[in-house]
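K.L.:
As input, take model.cif (mmCIF, C-alpha atoms and all ligand atoms):
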data_data
#
loop_
_atom_site.group_PDB
_atom_site.id
_atom_site.type_symbol
_atom_site.label_atom_id
_atom_site.label_comp_id
_atom_site.auth_asym_id
_atom_site.auth_seq_id
_atom_site.Cartn_x
_atom_site.Cartn_y
_atom_site.Cartn_z
ATOM 1 C CA MET P 1 107.517 -48.114 88.226
ATOM 2 C CA THR P 2 106.058 -49.813 91.279
ATOM 3 C CA LEU P 3 104.421 -48.080 94.239
ATOM 4 C CA PHE P 4 107.578 -47.724 96.342
ATOM 5 C CA ASP P 5 110.271 -47.701 93.664
ATOM 6 C CA LEU P 6 112.451 -44.572 93.525
ATOM 7 C CA SER P 7 114.770 -45.759 90.731
ATOM 8 C CA GLY P 8 115.834 -42.887 88.489
ATOM 9 C CA ARG P 9 114.617 -40.251 90.939
ATOM 10 C CA VAL P 10 116.886 -37.543 92.311
ATOM 11 C CA ALA P 11 116.435 -36.434 95.918
ATOM 12 C CA VAL P 12 117.953 -33.429 97.704
ATOM 13 C CA ILE P 13 117.927 -33.564 101.501
ATOM 14 C CA THR P 14 118.900 -30.423 103.405
ATOM 15 C CA GLY P 15 120.572 -31.440 106.644
ATOM 16 C CA GLY P 16 120.971 -34.893 105.095
ATOM 17 C CA ASN P 17 124.376 -35.359 106.707
ATOM 18 C CA GLY P 18 123.130 -36.678 110.055
ATOM 19 C CA GLY P 19 120.174 -37.447 112.308
ATOM 20 C CA ILE P 20 116.685 -37.649 110.820
ATOM 21 C CA GLY P 21 117.872 -36.345 107.427
ATOM 22 C CA LEU P 22 120.364 -39.168 107.035
ATOM 23 C CA GLY P 23 117.753 -41.709 108.169
ATOM 24 C CA MET P 24 115.445 -40.507 105.378
ATOM 25 C CA ALA P 25 118.296 -40.371 102.859
ATOM 26 C CA LYS P 26 119.260 -43.980 103.549
ATOM 27 C CA GLY P 27 115.644 -45.117 103.192
ATOM 28 C CA MET P 28 115.223 -43.368 99.848
ATOM 29 C CA ALA P 29 118.634 -44.623 98.672
ATOM 30 C CA ALA P 30 117.640 -48.204 99.459
ATOM 31 C CA ALA P 31 114.494 -47.650 97.351
ATOM 32 C CA GLY P 32 116.677 -46.642 94.379
ATOM 33 C CA ALA P 33 116.917 -42.843 94.557
ATOM 34 C CA THR P 34 120.049 -40.864 93.763
ATOM 35 C CA ILE P 35 120.803 -38.801 96.877
ATOM 36 C CA VAL P 36 122.233 -35.288 97.190
ATOM 37 C CA VAL P 37 123.349 -34.657 100.766
ATOM 38 C CA ALA P 38 123.149 -30.935 101.510
ATOM 39 C CA GLY P 39 124.607 -29.705 104.787
ATOM 40 C CA ARG P 40 127.168 -27.165 105.965
ATOM 41 C CA ASP P 41 129.708 -29.397 107.680
ATOM 42 C CA ALA P 42 132.066 -30.844 105.023
ATOM 43 C CA ALA P 43 133.253 -33.763 107.173
ATOM 44 C CA LYS P 44 129.670 -34.771 108.041
ATOM 45 C CA ASN P 45 128.640 -34.423 104.377
ATOM 46 C CA ALA P 46 131.475 -36.724 103.257
ATOM 47 C CA ALA P 47 130.770 -39.302 105.969
ATOM 48 C CA ALA P 48 127.058 -39.385 105.088
ATOM 49 C CA VAL P 49 127.803 -39.845 101.381
ATOM 50 C CA ALA P 50 130.151 -42.733 102.216
ATOM 51 C CA GLU P 51 127.487 -44.333 104.438
ATOM 52 C CA ILE P 52 124.864 -44.119 101.678
ATOM 53 C CA GLN P 53 127.265 -45.354 98.994
ATOM 54 C CA ALA P 54 128.103 -48.317 101.234
ATOM 55 C CA LEU P 55 124.464 -49.393 100.739
ATOM 56 C CA GLY P 56 125.237 -49.666 97.022
ATOM 57 C CA ALA P 57 123.360 -46.443 96.237
ATOM 58 C CA LYS P 58 124.294 -43.304 94.298
ATOM 59 C CA ALA P 59 125.082 -40.315 96.510
ATOM 60 C CA SER P 60 127.009 -37.064 96.338
ATOM 61 C CA THR P 61 127.139 -33.861 98.319
ATOM 62 C CA ILE P 62 126.459 -30.239 97.481
ATOM 63 C CA PRO P 63 127.289 -28.036 100.475
ATOM 64 C CA VAL P 64 124.639 -25.514 101.480
ATOM 65 C CA ASP P 65 124.015 -22.898 104.128
ATOM 66 C CA VAL P 66 120.233 -22.605 104.126
ATOM 67 C CA LEU P 67 120.478 -19.230 105.880
ATOM 68 C CA GLU P 68 121.743 -17.821 102.565
ATOM 69 C CA GLU P 69 119.260 -17.361 99.715
ATOM 70 C CA GLN P 70 121.930 -17.743 97.022
ATOM 71 C CA SER P 71 123.222 -20.927 98.616
ATOM 72 C CA CYS P 72 119.714 -22.455 98.466
ATOM 73 C CA ARG P 73 119.347 -21.415 94.823
ATOM 74 C CA ASP P 74 122.807 -22.775 93.950
ATOM 75 C CA LEU P 75 121.965 -26.092 95.643
ATOM 76 C CA ILE P 76 118.956 -26.623 93.404
ATOM 77 C CA ALA P 77 120.629 -25.294 90.240
ATOM 78 C CA ASN P 78 123.718 -27.474 90.758
ATOM 79 C CA THR P 79 121.585 -30.544 91.445
ATOM 80 C CA VAL P 80 119.777 -30.066 88.142
ATOM 81 C CA LYS P 81 123.075 -29.373 86.366
ATOM 82 C CA LEU P 82 124.659 -32.522 87.819
ATOM 83 C CA HIS P 83 121.743 -34.940 87.488
ATOM 84 C CA GLY P 84 119.531 -33.353 84.825
ATOM 85 C CA ARG P 85 116.466 -33.392 87.089
ATOM 86 C CA LEU P 86 115.100 -32.911 90.602
ATOM 87 C CA ASP P 87 112.208 -35.068 91.777
ATOM 88 C CA ILE P 88 112.291 -34.985 95.578
ATOM 89 C CA LEU P 89 113.155 -32.153 97.977
ATOM 90 C CA VAL P 90 113.304 -32.788 101.710
ATOM 91 C CA ASN P 91 113.387 -29.570 103.729
ATOM 92 C CA ASN P 92 114.914 -31.004 106.879
ATOM 93 C CA ALA P 93 117.676 -28.598 107.989
ATOM 94 C CA GLY P 94 116.813 -27.117 111.344
ATOM 95 C CA MET P 95 117.999 -25.871 114.692
ATOM 96 C CA SER P 96 116.704 -24.354 117.916
ATOM 97 C CA ILE P 97 117.709 -21.728 120.448
ATOM 98 C CA ARG P 98 116.162 -22.701 123.763
ATOM 99 C CA LYS P 99 115.178 -19.694 125.882
ATOM 100 C CA GLN P 100 112.163 -18.168 127.561
ATOM 101 C CA PRO P 101 110.286 -15.883 125.116
ATOM 102 C CA GLU P 102 111.322 -12.701 126.938
ATOM 103 C CA GLN P 103 114.993 -13.626 126.606
ATOM 104 C CA TYR P 104 115.124 -13.819 122.808
ATOM 105 C CA THR P 105 116.927 -11.164 120.818
ATOM 106 C CA LEU P 106 115.487 -10.295 117.420
ATOM 107 C CA LYS P 107 118.620 -11.761 115.808
ATOM 108 C CA GLU P 108 118.050 -15.095 117.567
ATOM 109 C CA TRP P 109 114.395 -15.113 116.523
ATOM 110 C CA HIS P 110 115.388 -14.545 112.887
ATOM 111 C CA THR P 111 118.107 -17.203 113.036
ATOM 112 C CA VAL P 112 115.600 -19.871 114.096
ATOM 113 C CA LEU P 113 112.842 -18.759 111.707
ATOM 114 C CA ASP P 114 115.265 -18.416 108.788
ATOM 115 C CA SER P 115 117.003 -21.747 109.436
ATOM 116 C CA ASN P 116 113.804 -23.762 109.785
ATOM 117 C CA LEU P 117 111.066 -22.024 107.796
ATOM 118 C CA THR P 118 112.432 -19.446 105.347
ATOM 119 C CA SER P 119 114.972 -22.016 104.147
ATOM 120 C CA ALA P 120 112.160 -24.405 103.230
ATOM 121 C CA PHE P 121 110.374 -21.628 101.349
ATOM 122 C CA LEU P 122 113.561 -20.714 99.460
ATOM 123 C CA CYS P 123 114.497 -24.276 98.481
ATOM 124 C CA SER P 124 110.915 -25.079 97.426
ATOM 125 C CA HIS P 125 110.687 -21.809 95.477
ATOM 126 C CA ALA P 126 113.930 -22.671 93.675
ATOM 127 C CA ALA P 127 112.865 -26.288 93.062
ATOM 128 C CA TYR P 128 109.424 -25.568 91.611
ATOM 129 C CA PRO P 129 110.465 -24.769 88.007
ATOM 130 C CA ALA P 130 112.558 -27.957 87.723
ATOM 131 C CA MET P 131 109.781 -30.098 89.199
ATOM 132 C CA LYS P 132 107.170 -28.505 86.981
ATOM 133 C CA GLN P 133 109.323 -29.091 83.931
ATOM 134 C CA GLY P 134 109.868 -32.718 84.991
ATOM 135 C CA GLY P 135 106.092 -33.219 85.251
ATOM 136 C CA MET P 136 106.149 -34.264 88.904
ATOM 137 C CA GLY P 137 107.604 -33.432 92.288
ATOM 138 C CA LYS P 138 107.592 -34.438 95.927
ATOM 139 C CA ILE P 139 108.362 -31.917 98.661
ATOM 140 C CA ILE P 140 108.677 -33.198 102.215
ATOM 141 C CA ASN P 141 108.857 -30.617 104.997
ATOM 142 C CA ILE P 142 110.003 -31.559 108.483
ATOM 143 C CA GLY P 143 107.820 -30.164 111.247
ATOM 144 C CA SER P 144 107.845 -31.223 114.890
ATOM 145 C CA MET P 145 105.666 -31.927 117.904
ATOM 146 C CA MET P 146 106.105 -28.139 118.240
ATOM 147 C CA SER P 147 103.949 -27.814 115.112
ATOM 148 C CA ILE P 148 101.113 -28.911 117.414
ATOM 149 C CA PHE P 149 102.159 -28.179 120.998
ATOM 150 C CA GLY P 150 103.954 -25.350 122.747
ATOM 151 C CA ALA P 151 106.868 -25.352 125.165
ATOM 152 C CA ALA P 152 108.248 -22.541 127.304
ATOM 153 C CA PHE P 153 111.724 -22.939 125.786
ATOM 154 C CA ALA P 154 110.593 -23.106 122.155
ATOM 155 C CA THR P 155 108.892 -19.845 121.119
ATOM 156 C CA ALA P 156 110.793 -19.301 117.875
ATOM 157 C CA TYR P 157 111.123 -23.016 117.107
ATOM 158 C CA ALA P 158 107.388 -23.647 117.610
ATOM 159 C CA ALA P 159 106.550 -20.633 115.440
ATOM 160 C CA SER P 160 108.808 -21.969 112.674
ATOM 161 C CA LYS P 161 107.437 -25.508 112.869
ATOM 162 C CA GLY P 162 103.796 -24.386 113.052
ATOM 163 C CA GLY P 163 104.520 -22.234 110.015
ATOM 164 C CA MET P 164 106.015 -25.222 108.240
ATOM 165 C CA VAL P 165 102.694 -27.097 108.415
ATOM 166 C CA GLN P 166 100.686 -24.145 107.124
ATOM 167 C CA MET P 167 103.202 -23.399 104.365
ATOM 168 C CA THR P 168 102.978 -27.070 103.369
ATOM 169 C CA LYS P 169 99.197 -26.816 102.985
ATOM 170 C CA ALA P 170 99.420 -23.621 100.941
ATOM 171 C CA MET P 171 102.066 -24.999 98.570
ATOM 172 C CA ALA P 172 100.164 -28.293 98.260
ATOM 173 C CA THR P 173 97.113 -26.335 97.173
ATOM 174 C CA ALA P 174 99.049 -24.216 94.692
ATOM 175 C CA TRP P 175 101.104 -26.950 93.056
ATOM 176 C CA ALA P 176 98.701 -29.914 92.926
ATOM 177 C CA LYS P 177 97.875 -28.884 89.343
ATOM 178 C CA ASP P 178 101.541 -29.468 88.467
ATOM 179 C CA ASN P 179 101.532 -32.976 89.968
ATOM 180 C CA ILE P 180 103.722 -31.782 92.829
ATOM 181 C CA GLN P 181 102.758 -33.200 96.230
ATOM 182 C CA VAL P 182 103.814 -31.278 99.334
ATOM 183 C CA ASN P 183 103.537 -32.955 102.735
ATOM 184 C CA SER P 184 105.006 -32.563 106.173
ATOM 185 C CA ILE P 185 106.301 -35.060 108.698
ATOM 186 C CA LEU P 186 106.013 -34.269 112.396
ATOM 187 C CA PRO P 187 108.655 -36.259 114.278
ATOM 188 C CA GLY P 188 108.182 -37.060 117.939
ATOM 189 C CA TRP P 189 111.233 -37.082 120.168
ATOM 190 C CA ILE P 190 114.146 -38.597 118.276
ATOM 191 C CA ASP P 191 117.657 -39.369 119.502
ATOM 192 C CA THR P 192 119.878 -37.032 117.423
ATOM 193 C CA ALA P 193 122.534 -34.346 117.973
ATOM 194 C CA LEU P 194 119.714 -31.781 118.277
ATOM 195 C CA THR P 195 117.952 -33.547 121.133
ATOM 196 C CA ARG P 196 121.154 -34.671 122.834
ATOM 197 C CA ARG P 197 121.749 -30.952 123.357
ATOM 198 C CA ALA P 198 118.114 -30.395 124.377
ATOM 199 C CA ARG P 199 118.447 -33.109 127.010
ATOM 200 C CA GLU P 200 121.462 -31.304 128.436
ATOM 201 C CA GLU P 201 119.618 -27.980 128.491
ATOM 202 C CA VAL P 202 116.105 -29.022 129.631
ATOM 203 C CA SER P 203 116.090 -30.951 132.888
ATOM 204 C CA GLY P 204 113.860 -34.026 133.050
ATOM 205 C CA LEU P 205 113.268 -34.058 129.277
ATOM 206 C CA HIS P 206 114.584 -37.563 128.660
ATOM 207 C CA ASP P 207 112.363 -39.259 131.261
ATOM 208 C CA ASN P 208 109.304 -37.107 130.536
ATOM 209 C CA VAL P 209 109.409 -38.118 126.862
ATOM 210 C CA LEU P 210 109.803 -41.784 127.773
ATOM 211 C CA LYS P 211 106.846 -41.585 130.175
ATOM 212 C CA ARG P 212 104.563 -39.932 127.618
ATOM 213 C CA THR P 213 105.472 -42.010 124.557
ATOM 214 C CA PRO P 214 103.196 -45.081 124.248
ATOM 215 C CA ALA P 215 105.866 -46.911 122.240
ATOM 216 C CA GLY P 216 108.050 -46.662 125.353
ATOM 217 C CA ARG P 217 111.183 -45.380 123.640
ATOM 218 C CA TRP P 218 112.770 -42.389 121.976
ATOM 219 C CA GLY P 219 112.707 -42.547 118.181
ATOM 220 C CA VAL P 220 115.806 -43.176 116.055
ATOM 221 C CA PRO P 221 116.708 -41.748 112.619
ATOM 222 C CA ASP P 222 115.948 -45.071 110.908
ATOM 223 C CA ASP P 223 112.297 -44.648 111.974
ATOM 224 C CA PHE P 224 112.060 -42.053 109.164
ATOM 225 C CA ALA P 225 113.163 -44.268 106.289
ATOM 226 C CA GLY P 226 109.687 -45.673 105.600
ATOM 227 C CA ILE P 227 107.710 -42.442 105.729
ATOM 228 C CA ALA P 228 110.282 -40.734 103.492
ATOM 229 C CA VAL P 229 109.993 -43.488 100.872
ATOM 230 C CA PHE P 230 106.185 -43.345 101.022
ATOM 231 C CA LEU P 231 106.019 -39.569 100.597
ATOM 232 C CA ALA P 232 108.645 -39.629 97.824
ATOM 233 C CA ALA P 233 107.108 -42.519 95.873
ATOM 234 C CA PRO P 234 104.132 -43.009 93.509
ATOM 235 C CA ALA P 235 102.331 -44.640 96.488
ATOM 236 C CA SER P 236 101.558 -41.114 97.779
ATOM 237 C CA ASP P 237 100.546 -39.474 94.488
ATOM 238 C CA PHE P 238 97.080 -38.519 95.856
ATOM 239 C CA VAL P 239 98.408 -37.497 99.292
ATOM 240 C CA THR P 240 99.100 -33.790 99.536
ATOM 241 C CA GLY P 241 99.000 -31.129 102.231
ATOM 242 C CA ALA P 242 99.102 -33.755 104.992
ATOM 243 C CA ALA P 243 100.970 -33.495 108.290
ATOM 244 C CA ILE P 244 101.940 -37.001 109.349
ATOM 245 C CA THR P 245 103.129 -37.701 112.886
ATOM 246 C CA VAL P 246 105.950 -40.212 113.364
ATOM 247 C CA ASP P 247 106.098 -40.168 117.128
ATOM 248 C CA GLY P 248 105.430 -43.559 118.713
ATOM 249 C CA GLY P 249 102.016 -42.234 119.748
ATOM 250 C CA TYR P 250 103.309 -39.206 121.702
ATOM 251 C CA SER P 251 100.758 -36.793 120.206
ATOM 252 C CA VAL P 252 97.705 -39.017 120.780
ATOM 253 C CA GLN P 253 98.473 -39.847 124.395
ATOM 254 C CA GLY P 254 95.746 -38.313 126.582
HETATM 255 P P1 LIG X 1 120.561 -32.743 113.676
HETATM 256 O O1 LIG X 1 121.154 -31.643 114.482
HETATM 257 O O2 LIG X 1 121.248 -34.059 113.629
HETATM 258 O O3 LIG X 1 120.328 -32.276 112.190
HETATM 259 C C1 LIG X 1 120.138 -30.951 111.824
HETATM 260 C C2 LIG X 1 120.633 -30.821 110.422
HETATM 261 O O4 LIG X 1 120.359 -29.515 109.927
HETATM 262 C C3 LIG X 1 122.140 -31.033 110.325
HETATM 263 O O5 LIG X 1 122.366 -31.951 109.297
HETATM 264 C C4 LIG X 1 122.670 -29.668 109.979
HETATM 265 O O6 LIG X 1 123.768 -29.734 109.105
HETATM 266 C C5 LIG X 1 121.492 -29.036 109.258
HETATM 267 N N1 LIG X 1 121.514 -27.581 109.318
HETATM 268 C C6 LIG X 1 121.219 -26.776 110.362
HETATM 269 N N2 LIG X 1 121.379 -25.490 110.018
HETATM 270 C C7 LIG X 1 121.782 -25.486 108.719
HETATM 271 C C8 LIG X 1 122.125 -24.471 107.798
HETATM 272 N N3 LIG X 1 122.092 -23.168 108.131
HETATM 273 N N4 LIG X 1 122.459 -24.823 106.545
HETATM 274 C C9 LIG X 1 122.507 -26.135 106.189
HETATM 275 N N5 LIG X 1 122.220 -27.150 107.023
HETATM 276 C C10 LIG X 1 121.863 -26.816 108.269
HETATM 277 O O7 LIG X 1 119.094 -32.893 114.249
HETATM 278 P P2 LIG X 1 117.801 -33.695 113.776
HETATM 279 O O8 LIG X 1 118.144 -34.765 112.839
HETATM 280 O O9 LIG X 1 117.089 -34.001 115.010
HETATM 281 O O10 LIG X 1 116.977 -32.557 113.018
HETATM 282 C C11 LIG X 1 116.524 -32.675 111.692
HETATM 283 C C12 LIG X 1 115.198 -31.960 111.563
HETATM 284 O O11 LIG X 1 114.232 -32.659 112.346
HETATM 285 C C13 LIG X 1 115.186 -30.516 112.048
HETATM 286 O O12 LIG X 1 114.377 -29.731 111.212
HETATM 287 C C14 LIG X 1 114.544 -30.641 113.427
HETATM 288 O O13 LIG X 1 113.933 -29.436 113.808
HETATM 289 C C15 LIG X 1 113.544 -31.739 113.159
HETATM 290 N N6 LIG X 1 113.025 -32.392 114.332
HETATM 291 C C16 LIG X 1 113.824 -33.142 115.154
HETATM 292 C C17 LIG X 1 113.289 -33.770 116.248
HETATM 293 C C18 LIG X 1 114.079 -34.608 117.165
HETATM 294 O O14 LIG X 1 113.533 -35.077 118.191
HETATM 295 N N7 LIG X 1 115.336 -34.887 116.892
HETATM 296 C C19 LIG X 1 111.869 -33.668 116.569
HETATM 297 C C20 LIG X 1 111.127 -32.865 115.645
HETATM 298 C C21 LIG X 1 111.697 -32.266 114.579
HETATM 299 P P3 LIG X 1 125.244 -29.161 109.536
HETATM 300 O O15 LIG X 1 125.615 -29.924 110.771
HETATM 301 O O16 LIG X 1 126.109 -29.445 108.368
HETATM 302 O O17 LIG X 1 125.045 -27.690 109.789
#
Turn this file's structure into structure tokens for me.
P.N.:
Amino acid sequence: MTLFDLSGRVAVITGGNGGIGLGMAKGMAAAGATIVVAGRDAAKNAAAVAEIQALGAKASTIPVDVLEEQSCRDLIANTVKLHGRLDILVNNAGMSIRKQPEQYTLKEWHTVLDSNLTSAFLCSHAAYPAMKQGGMGKIINIGSMMSIFGAAFATAYAASKGGMVQMTKAMATAWAKDNIQVNSILPGWIDTALTRRAREEVSGLHDNVLKRTPAGRWGVPDDFAGIAVFLAAPASDFVTGAAITVDGGYSVQG
């Protein structure tokens, strides 16, 4: 196996049916991985599988609702049943409810925290025995600029994404002995369904991001292909607990 070869490896990507998740899935597929697309929307799941298969790669879908513990456990169990192994888990499913902190209901708070953070805990918890048995594992957790910064409209989202980074470090520490690396990626502002909605809801967001991003553009899902391959491949075997920004320089702009 070479540094960036994913041949024979099986990767589950929650929220892999669009946006950043699909960008990572396509990157890992091109490097040889077998992809399991795990989202809620059946039409999006099928379209994503077709797009990955069109690259000549192996892909299938196992529907999941990451808000449900049993659904997360079934996703992992069915992946192992179908493919005999699980090497790579990308905890990417996520959403936001944009409101001032005082306007949140407890239910809304839990929906954001459970979708973004608890889901990653549950899928990782379910994946650990299979990875341990396989002698290796790669877990990639998707954070955000809100893992570092705050925003008035993002109380629950920022809490979930800050938590993601700290959970990553704790799991990396616990599972290094099992040759399981756990890292997080912190995307900058990326053009996806999530941020198309944010741009409708937060006035000035589009131009403010452009102004602050040294690369001079919004990111696109394909920007995540390379980092996903790196963190899934033998090239990153001594990298664990890291939080890697992929943001066109947004977070280092003074
Ligand atoms: P998308 O809205 O395109 O993707 C979100 C994905 O999450 C969808 O595939 C969706 O699948 C899935 N999802 C949401 N809730 C659930 C659920 N309960 N069960 C299963 N799947 C679920 O947006 P992005 O690609 O932008 O977001 C991907 C990740 O990247 C998220 O974690 C987001 O927070 C993060 N991120 C995005 C940034 C950006 O600028 N775009 C910046 C920083 C972080 P389905 O449609 O089937 O429900």
K.L.:
Using all atoms listed in the file, find the one residue out of P:Thr34, P:Asn91, P:Ser96, P:Thr111 that sits nearest to P:Glu201.
P.N.:
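Checking each candidate against P:Glu201, we get P:Ser96 as the closest.
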K.L.:
If you apply the PyMOL selection byres (((not hetatm)) within 8 of (chain X and resi 1)) to this file, what residues do you get, as a PDB file with C-alpha atoms, in the coordinates of the input?
P.N.:
ATOM      1  CA  THR P  14     118.900 -30.423 103.405  1.00  0.00           C
ATOM      2  CA  GLY P  15     120.572 -31.440 106.644  1.00  0.00           C
ATOM      3  CA  GLY P  16     120.971 -34.893 105.095  1.00  0.00           C
ATOM      4  CA  ASN P  17     124.376 -35.359 106.707  1.00  0.00           C
ATOM      5  CA  GLY P  18     123.130 -36.678 110.055  1.00  0.00           C
ATOM      6  CA  GLY P  19     120.174 -37.447 112.308  1.00  0.00           C
ATOM      7  CA  ILE P  20     116.685 -37.649 110.820  1.00  0.00           C
ATOM      8  CA  GLY P  21     117.872 -36.345 107.427  1.00  0.00           C
ATOM      9  CA  LEU P  22     120.364 -39.168 107.035  1.00  0.00           C
ATOM     10  CA  ALA P  38     123.149 -30.935 101.510  1.00  0.00           C
ATOM     11  CA  GLY P  39     124.607 -29.705 104.787  1.00  0.00           C
ATOM     12  CA  ARG P  40     127.168 -27.165 105.965  1.00  0.00           C
ATOM     13  CA  ASP P  41     129.708 -29.397 107.680  1.00  0.00           C
ATOM     14  CA  ALA P  42     132.066 -30.844 105.023  1.00  0.00           C
ATOM     15  CA  LYS P  44     129.670 -34.771 108.041  1.00  0.00           C
ATOM     16  CA  ASN P  45     128.640 -34.423 104.377  1.00  0.00           C
ATOM     17  CA  PRO P  63     127.289 -28.036 100.475  1.00  0.00           C
ATOM     18  CA  VAL P  64     124.639 -25.514 101.480  1.00  0.00           C
ATOM     19  CA  ASP P  65     124.015 -22.898 104.128  1.00  0.00           C
ATOM     20  CA  VAL P  66     120.233 -22.605 104.126  1.00  0.00           C
ATOM     21  CA  LEU P  67     120.478 -19.230 105.880  1.00  0.00           C
ATOM     22  CA  GLU P  68     121.743 -17.821 102.565  1.00  0.00           C
ATOM     23  CA  ASN P  91     113.387 -29.570 103.729  1.00  0.00           C
ATOM     24  CA  ASN P  92     114.914 -31.004 106.879  1.00  0.00           C
ATOM     25  CA  ALA P  93     117.676 -28.598 107.989  1.00  0.00           C
ATOM     26  CA  GLY P  94     116.813 -27.117 111.344  1.00  0.00           C
ATOM     27  CA  MET P  95     117.999 -25.871 114.692  1.00  0.00           C
ATOM     28  CA  SER P  96     116.704 -24.354 117.916  1.00  0.00           C
ATOM     29  CA  SER P 115     117.003 -21.747 109.436  1.00  0.00           C
ATOM     30  CA  ASN P 116     113.804 -23.762 109.785  1.00  0.00           C
ATOM     31  CA  ILE P 142     110.003 -31.559 108.483  1.00  0.00           C
ATOM     32  CA  GLY P 143     107.820 -30.164 111.247  1.00  0.00           C
ATOM     33  CA  SER P 144     107.845 -31.223 114.890  1.00  0.00           C
ATOM     34  CA  MET P 145     105.666 -31.927 117.904  1.00  0.00           C
ATOM     35  CA  MET P 146     106.105 -28.139 118.240  1.00  0.00           C
ATOM     36  CA  TYR P 157     111.123 -23.016 117.107  1.00  0.00           C
ATOM     37  CA  LYS P 161     107.437 -25.508 112.869  1.00  0.00           C
ATOM     38  CA  LEU P 186     106.013 -34.269 112.396  1.00  0.00           C
ATOM     39  CA  PRO P 187     108.655 -36.259 114.278  1.00  0.00           C
ATOM     40  CA  GLY P 188     108.182 -37.060 117.939  1.00  0.00           C
ATOM     41  CA  TRP P 189     111.233 -37.082 120.168  1.00  0.00           C
ATOM     42  CA  ILE P 190     114.146 -38.597 118.276  1.00  0.00           C
ATOM     43  CA  ASP P 191     117.657 -39.369 119.502  1.00  0.00           C
ATOM     44  CA  THR P 192     119.878 -37.032 117.423  1.00  0.00           C
ATOM     45  CA  ALA P 193     122.534 -34.346 117.973  1.00  0.00           C
ATOM     46  CA  LEU P 194     119.714 -31.781 118.277  1.00  0.00           C
ATOM     47  CA  THR P 195     117.952 -33.547 121.133  1.00  0.00           C
ATOM     48  CA  GLY P 219     112.707 -42.547 118.181  1.00  0.00           C
ATOM     49  CA  PRO P 221     116.708 -41.748 112.619  1.00  0.00           C
TER      50      PRO P 221
END
K.L.:
I need the residue nearest P:Asn183 from this list: P:Ala47, P:Val80, P:Leu231, P:Ala198. Use all atoms listed in the file for the distance.
P.N.:
P:Leu231
K.L.:
To one decimal place, how far is atom CA of P:Ala77 from atom CA of P:Ala130 in Å?
P.N.:
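Computing the Euclidean distance for atom CA of P:Ala77 and atom CA of P:Ala130 yields 8.9 Å.
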K.L.:
Would you translate the PyMOL selection byres (((chain P and resi 35) around 7) and not hetatm) into the concrete set of residues it matches in this file, as a ChimeraX atom specification?
P.N.:
/P:10-12,25,29,33-34,36-37,58-60
K.L.:
Check what the PyMOL selection byres (((chain P and resi 224) around 8) and not hetatm) selects in the file above and give those residues as JSON, numbers by chain.
P.N.:
{"P": [20, 23, 24, 27, 220, 221, 222, 223, 225, 226, 227, 228, 246]}
K.L.:
Could you check how far atom CA of P:Thr240 sits from atom CA of P:Met136, in Å to one decimal?
P.N.:
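Separation of atom CA of P:Thr240 and atom CA of P:Met136: 12.8 Å.
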K.L.:
Figure out the distance between atom CA of P:Ile148 and atom CA of P:Pro214, please, to one decimal in Å.
P.N.:
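Between atom CA of P:Pro214 and atom CA of P:Ile148 the gap is 17.7 Å.
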K.L.:
Show me as a list in words the residues that reach within 12 Å of (111.8, -21.7, 94.3), counting all atoms listed in the file and using the file's own coordinates.
P.N.:
Glu69, Gln70, Cys72, Arg73, Asp74, Leu75, Ile76, Ala77, Leu89, Thr118, Ser119, Ala120, Phe121, Leu122, Cys123, Ser124, His125, Ala126, Ala127, Tyr128, Pro129, Ala130, Met131, Lys132, Ile139, Met171 and Trp175 of chain P
K.L.:
Between P:Gln133, P:Ser203, P:Gln100, P:Asn141, single out the one closest to P:Thr168, counting all atoms listed in the file.
P.N.:
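Result for the nearest residue to P:Thr168: P:Asn141.
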K.L.:
Kindly indicate which residue among P:Gln253, P:Arg199, P:Ile185, P:Val239 lies nearest to P:Thr213, using all atoms listed in the file for the distances.
P.N.:
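Going through P:Gln253, P:Arg199, P:Ile185, P:Val239 one by one, the smallest distance to P:Thr213 is for P:Gln253.
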K.L.:
My list of candidates is P:Ile97, P:Ala235, P:Leu3, P:Ile13. Which is closest to P:Val49 when distances are computed with all atoms listed in the file?
P.N.:
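Of P:Ile97, P:Ala235, P:Leu3, P:Ile13, the one nearest P:Val49, counting all atoms listed in the file, is P:Ile13.
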K.L.:
Calculated over only C-alpha atoms, which of the candidates P:Gly32, P:Asn208, P:Phe149, P:Asn179 has the smallest distance to P:Val252?
P.N.:
P:Phe149
K.L.:
Let me know the centre plus edge lengths, in Å and rounded to one decimal, of a box with edges along x, y and z that contains all listed atoms of stretch 103-115 of chain P and is padded by 4 Å on every side, as lines of an AutoDock Vina configuration file.
P.N.:
center_x = 115.7
center_y = -16.0
center_z = 117.7
size_x = 13.8
size_y = 19.5
size_z = 25.8
K.L.:
Can you list, as a list of chain:residue names, every protein, DNA or RNA residue that comes within 8 Å of P:Asp5 when you count all atoms listed in the file, leaving out same-chain residues fewer than 6 positions away?
P.N.:
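Those residues are P:Ala31, P:Gly32, P:Ala233, P:Pro234.
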K.L.:
Neighbours of P:Ala215 within 9 Å (all atoms listed in the file; same-chain residues fewer than 6 positions away dropped), as a list in words?
P.N.:
Asp247, Gly248, Gly249 and Tyr250 of chain P
K.L.:
Neighbourhood query: residues within 6 Å of (100.2, -28.0, 104.6), file coordinates, counting all atoms listed in the file; return as a list in words.
P.N.:
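Taken together, the residues in range are Val165, Gln166, Met167, Thr168, Lys169, Ala170, Gly241 and Ala242 of chain P.
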